[in-house]
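Okay, so here's the structure we're looking at.
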Amino acid sequence: MMDAESRFRDPSSLFFQFDTIRRYIIASYWVLITLALPLWWTTTSIERLPLPTSEVYAQAQKKLEIPLAICVDSAFSSHITSLQRSIRDAASYLDVQAHPGQDCSQFPGYAILPGEQILVEDRKLYYPPSADNLASTLASLLAPKMDHRAAQYSPRFRLSFTLLNEDSSAGQVITSWDIQQAIARHIHPITSALGILHNYTIESQVQYHALLAFEPRSLSNGTVFGLTPEDLTIFINSAEWTLSSSSSNDPVFHFVLFIPSARRRPLTILNSDGTPSSSSAFLIPQWGGIVILNLPPPPPTTLHLDLPDLQSSFSSFSRHLLTLLGFPRLPPSISYSSSSNTSLSSWQIDTLLRQRIHENVIQSHNTLQSTVTLVSQIDGMPVDEQVQSQVQGSLSTLHELFRYASVNLTFAEMLAYSAQALTLSSKAFFHPGMLAMLYFPAEHKYAVYTPLFASAMIPLLAAALREIAAWRKERREARAVGDVREATSGDGPKVDTKSVL
């Protein structure tokens, strides 16, 4: 009877345990890895095209000077030097060219004419010759400070008008409003006058359940409710209010007409000292405006807001829109005369154009510098043809703007150049391929590859080293055996073949 050991074959007798076959198997893995390396390198390598870094930094050193020609009546010829200095101090990007003239009323551009009161009409400024502070008045017209509440420039804006009923379950709900007539009366004059700067998309909606995220302060034994300045900062309940009715990448200005619940009327805005404010509207910088509309008691169950009901609210919305767009205000001492229905003068529109041109050029310079700096700092940052062409396109657009700015470009054409440069530079900086590297740098790639390949490479490397060591040991043993045999055969008895024969 066979013993237990005889039932199992000797492992060394298995064909795949032969030294040669085992080494062929291990070598095949390394051959496969070597052949796969070029494919892995090709599929994981990034496209990194060169960017015109030196041109970007050279362009950033340039300062755009917007030409501004002014005809000064002979009555103010002694003020020309002070006018130029005052305007340059207020806005260094303006290249003021003040010319004395006898008939400035026929001048096609800006003109300063004598008048009985301070009045602007078209691009003419009428100023009393006996009055002082002409230089400061002109500087406040041509180079006012940009309102910090204004939004950054964009070629397109969406205007979203929303009627919010706080709680329709409490009754007294507004179900409809004359939104089209209100927009035509108060908003369209602004969008038409400023259409040279932006394109506008207008949308509206009505919501019936928009609860506040806090409890307003109760005043006068619960008969009046108030919103403190701190409440206004958290008034918008973004978690529950759906204010955008369409999906778009364009910036949105929100205009909310808020109808308080019947249990919280009247709802007023409180001053910092706790007293009720005379205004029922407030502005959120760079976001939009809100108007609180308290219905007159006792209102019916359902109510339709006519155009007269919306007069006060949309007057506030129009002021909010001008502020968000950065539209400069006329100084209180200056009157405005116009034959059109709008209260927007050519002085203000041109001033906004120049401010936006200057702002776009500065933003384009900063964005281009940030792009090339980011690429130079991160070695693995991909730069494809699209990013390269966008950077080069922005640079070429800026070159064209600087070349022709002082020749024959209008403010509208200069704005178009600056807007295109800003758009291209922003697209290059926010390119999806470049943004991915900001969140997944090379260290993350190593962290992903190491657990996958280390567990496979370590056994293969150990097996290869072990086989190499065994092969070298076999070679040494074989060489030692050969030396012994040669030595043994050399010490044996010698036979004389001649004597044998």
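Ordering of the structure tokens sets the chain letters (A, B, ...), residue numbers begin anew at 1 in every chain, and ligands are numbered from 1 in the order given.
Residues lying within 9 Å of stretch 216-229 of chain A, counting only C-alpha atoms and ignoring same-chain neighbours fewer than 6 positions away, are A:Phe235, A:Arg264, A:Arg265, A:Pro266, A:Leu267, A:Thr268, A:Ile269, A:Leu270, A:Asn271, A:Ser272, A:Gly274, A:Pro276.
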Selected residue, from A:Ala58, A:Gln84, A:Thr423, A:Trp177, that lies nearest to A:Asp306 when counting only C-alpha atoms: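 Nearest to A:Asp306: A:Trp177.
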Going by DSSP on the backbone, which residues of stretch 384-451 of chain A come out as alpha helix (DSSP H)? List them as number ranges by chain. A: 385-404, 411-429, 432-439, 442-451
Given only C-alpha atoms as the basis, pick out the residue of A:Tyr127, A:Tyr110, A:Phe157, A:Phe317 nearest to A:Ala182.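 For A:Ala182, the nearest of the candidates is A:Phe317.
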Restricting the calculation to only C-alpha atoms, which member of A:Ile179, A:Ala421, A:Val56, A:Leu415 is positioned closest to A:Ser160? A:Ile179
Contact check, stretch 318-362 of chain A to stretch 281-285 of chain A, at most 12 Å, counting only C-alpha atoms, closest pairs as a tab-separated table:
```
residue	atom	partner	partner_atom	distance
A:Ser318	CA	A:Leu283	CA	11.5
A:Arg319	CA	A:Leu283	CA	9.6
A:His320	CA	A:Leu283	CA	6.5
A:Leu321	CA	A:Leu283	CA	9.6
A:Leu322	CA	A:Leu283	CA	11.4
A:Thr323	CA	A:Pro285	CA	8.7
A:Leu324	CA	A:Pro285	CA	7.1
A:Leu325	CA	A:Pro285	CA	10.6
A:Gly326	CA	A:Pro285	CA	10.9
```
Between atom CA of A:Ile25 and atom CA of A:Glu477, what distance in Å does the model show, to one decimal?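 The value is 23.9 Å.
Pairwise distance (atom CA of A:Asp95, atom CA of A:Ser370) equals 28.4 Å.
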Quick one: distance from atom CA of A:Phe402 to atom CA of A:Leu64 in Å, one decimal?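 Atom CA of A:Leu64 lies at a distance of 6.4 Å from atom CA of A:Phe402.
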Which polymer residues have any atom within 12 Å of an atom of A:Ala416, counting only C-alpha atoms, with same-chain residues fewer than 4 positions away left out, as a list of chain:residue names? A:Tyr153, A:Ser154, A:Pro155, A:Ile196, A:Leu197, A:His198, A:Leu353, A:Arg354, A:Arg356, A:Ile357, A:Asn360, A:Val361, A:Thr397, A:Leu398, A:Glu400, A:Leu401, A:Ala405, A:Leu409, A:Thr410, A:Phe411, A:Ala412, A:Gln420, A:Ala421, A:Leu422, A:Thr423
Store the residues of this selection in a file with C-alpha atoms, as an mmCIF file, in the first residue's frame.
```cif
data_model
loop_
_atom_site.group_PDB
_atom_site.id
_atom_site.type_symbol
_atom_site.label_atom_id
_atom_site.label_comp_id
_atom_site.auth_asym_id
_atom_site.auth_seq_id
_atom_site.Cartn_x
_atom_site.Cartn_y
_atom_site.Cartn_z
ATOM 1 C CA TYR A 153 -19.185 94.263 -16.669
ATOM 2 C CA SER A 154 -20.808 91.566 -18.790
ATOM 3 C CA PRO A 155 -21.989 91.791 -22.400
ATOM 4 C CA ILE A 196 -24.935 100.023 -26.414
ATOM 5 C CA LEU A 197 -23.298 98.437 -23.365
ATOM 6 C CA HIS A 198 -25.296 95.262 -22.745
ATOM 7 C CA LEU A 353 -18.777 103.731 -21.505
ATOM 8 C CA ARG A 354 -15.341 105.123 -20.670
ATOM 9 C CA ARG A 356 -16.344 100.174 -18.568
ATOM 10 C CA ILE A 357 -13.654 100.385 -21.272
ATOM 11 C CA ASN A 360 -12.366 95.810 -19.093
ATOM 12 C CA VAL A 361 -8.791 96.584 -20.137
ATOM 13 C CA THR A 397 -7.686 92.494 -29.641
ATOM 14 C CA LEU A 398 -5.911 94.620 -27.042
ATOM 15 C CA GLU A 400 -5.913 96.686 -32.005
ATOM 16 C CA LEU A 401 -7.612 98.709 -29.288
ATOM 17 C CA ALA A 405 -7.864 104.239 -29.693
ATOM 18 C CA LEU A 409 -12.561 104.675 -32.720
ATOM 19 C CA THR A 410 -15.821 105.656 -31.094
ATOM 20 C CA PHE A 411 -16.567 104.813 -27.471
ATOM 21 C CA ALA A 412 -18.882 102.017 -28.608
ATOM 22 C CA GLN A 420 -13.990 90.863 -26.575
ATOM 23 C CA ALA A 421 -10.553 90.934 -24.944
ATOM 24 C CA LEU A 422 -12.100 90.390 -21.509
ATOM 25 C CA THR A 423 -14.285 87.539 -22.749
#
```
Residues near A:Pro114, anyone? I mean within 7 Å using only C-alpha atoms, not counting same-chain ones fewer than 5 positions away, as a tab-separated table (two decimals) with C-alpha atoms, in the first residue's frame.
```
chain	number	residue	atom	x	y	z
A	126	TYR	CA	-23.96	125.49	-19.78
A	127	TYR	CA	-22.18	127.19	-16.93
A	128	PRO	CA	-22.47	130.71	-15.51
A	129	PRO	CA	-19.22	132.58	-16.24
```
Quick one: everything within 6 Å of stretch 374-383 of chain A, counting only C-alpha atoms, minus sequence neighbours fewer than 6 positions away in the same chain. Send it as a list in words. Ile46, Glu47, Arg48 and Leu49 of chain A
Include C-alpha atoms and write out the residues we just selected as a compact mmCIF listing (two decimals), in the first residue's frame.
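Dumped everything to again-v5.txt:
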```txt
# COMPACT_ATOMS: atom_id res chain seq x y z
CA ILE A 46 -0.86 66.32 -21.51
CA GLU A 47 -0.80 68.85 -24.31
CA ARG A 48 1.13 71.89 -23.18
CA LEU A 49 1.46 74.47 -25.91
```
Strand (DSSP E or B) residues, from DSSP on the backbone, in stretch 155-362 of chain A, as a ChimeraX atom specification: /A:156-165,167,173-177,199-207,209,217-219,224-227,252-259,267-270,276,281-284,288-292,302-305,335-336
For stretch 99-102 of chain A, find every residue with an atom within 12 Å (counting only C-alpha atoms), except residues of its own chain fewer than 2 positions away, and show them as a CSV table (one decimal) with C-alpha atoms, in the first residue's frame.
```
chain,number,residue,atom,x,y,z
A,68,LEU,CA,-11.6,113.2,-24.9
A,69,ALA,CA,-11.9,116.4,-26.9
A,70,ILE,CA,-13.7,119.4,-25.2
A,71,CYS,CA,-14.4,122.8,-26.8
A,72,VAL,CA,-14.2,125.5,-24.3
A,73,ASP,CA,-15.9,128.8,-24.9
A,74,SER,CA,-13.7,131.9,-24.9
A,75,ALA,CA,-15.4,133.0,-21.8
A,76,PHE,CA,-13.7,130.1,-19.9
A,77,SER,CA,-10.3,130.2,-21.8
A,78,SER,CA,-8.5,131.0,-18.6
A,79,HIS,CA,-9.7,127.7,-17.0
A,80,ILE,CA,-8.3,125.4,-19.7
A,81,THR,CA,-5.2,124.4,-17.7
A,83,LEU,CA,-9.8,121.8,-16.4
A,84,GLN,CA,-7.2,119.4,-17.9
A,96,VAL,CA,-8.1,115.4,-22.3
A,97,GLN,CA,-7.8,117.8,-25.2
A,104,CYS,CA,-18.5,125.8,-29.5
A,105,SER,CA,-22.2,125.4,-29.9
A,106,GLN,CA,-21.6,123.8,-33.3
A,107,PHE,CA,-18.9,121.5,-31.9
A,109,GLY,CA,-18.4,116.7,-29.1
A,110,TYR,CA,-18.3,118.1,-25.6
A,111,ALA,CA,-18.6,121.8,-25.3
A,112,ILE,CA,-18.6,124.2,-22.3
A,113,LEU,CA,-20.9,127.2,-23.0
A,114,PRO,CA,-21.9,130.2,-20.9
```
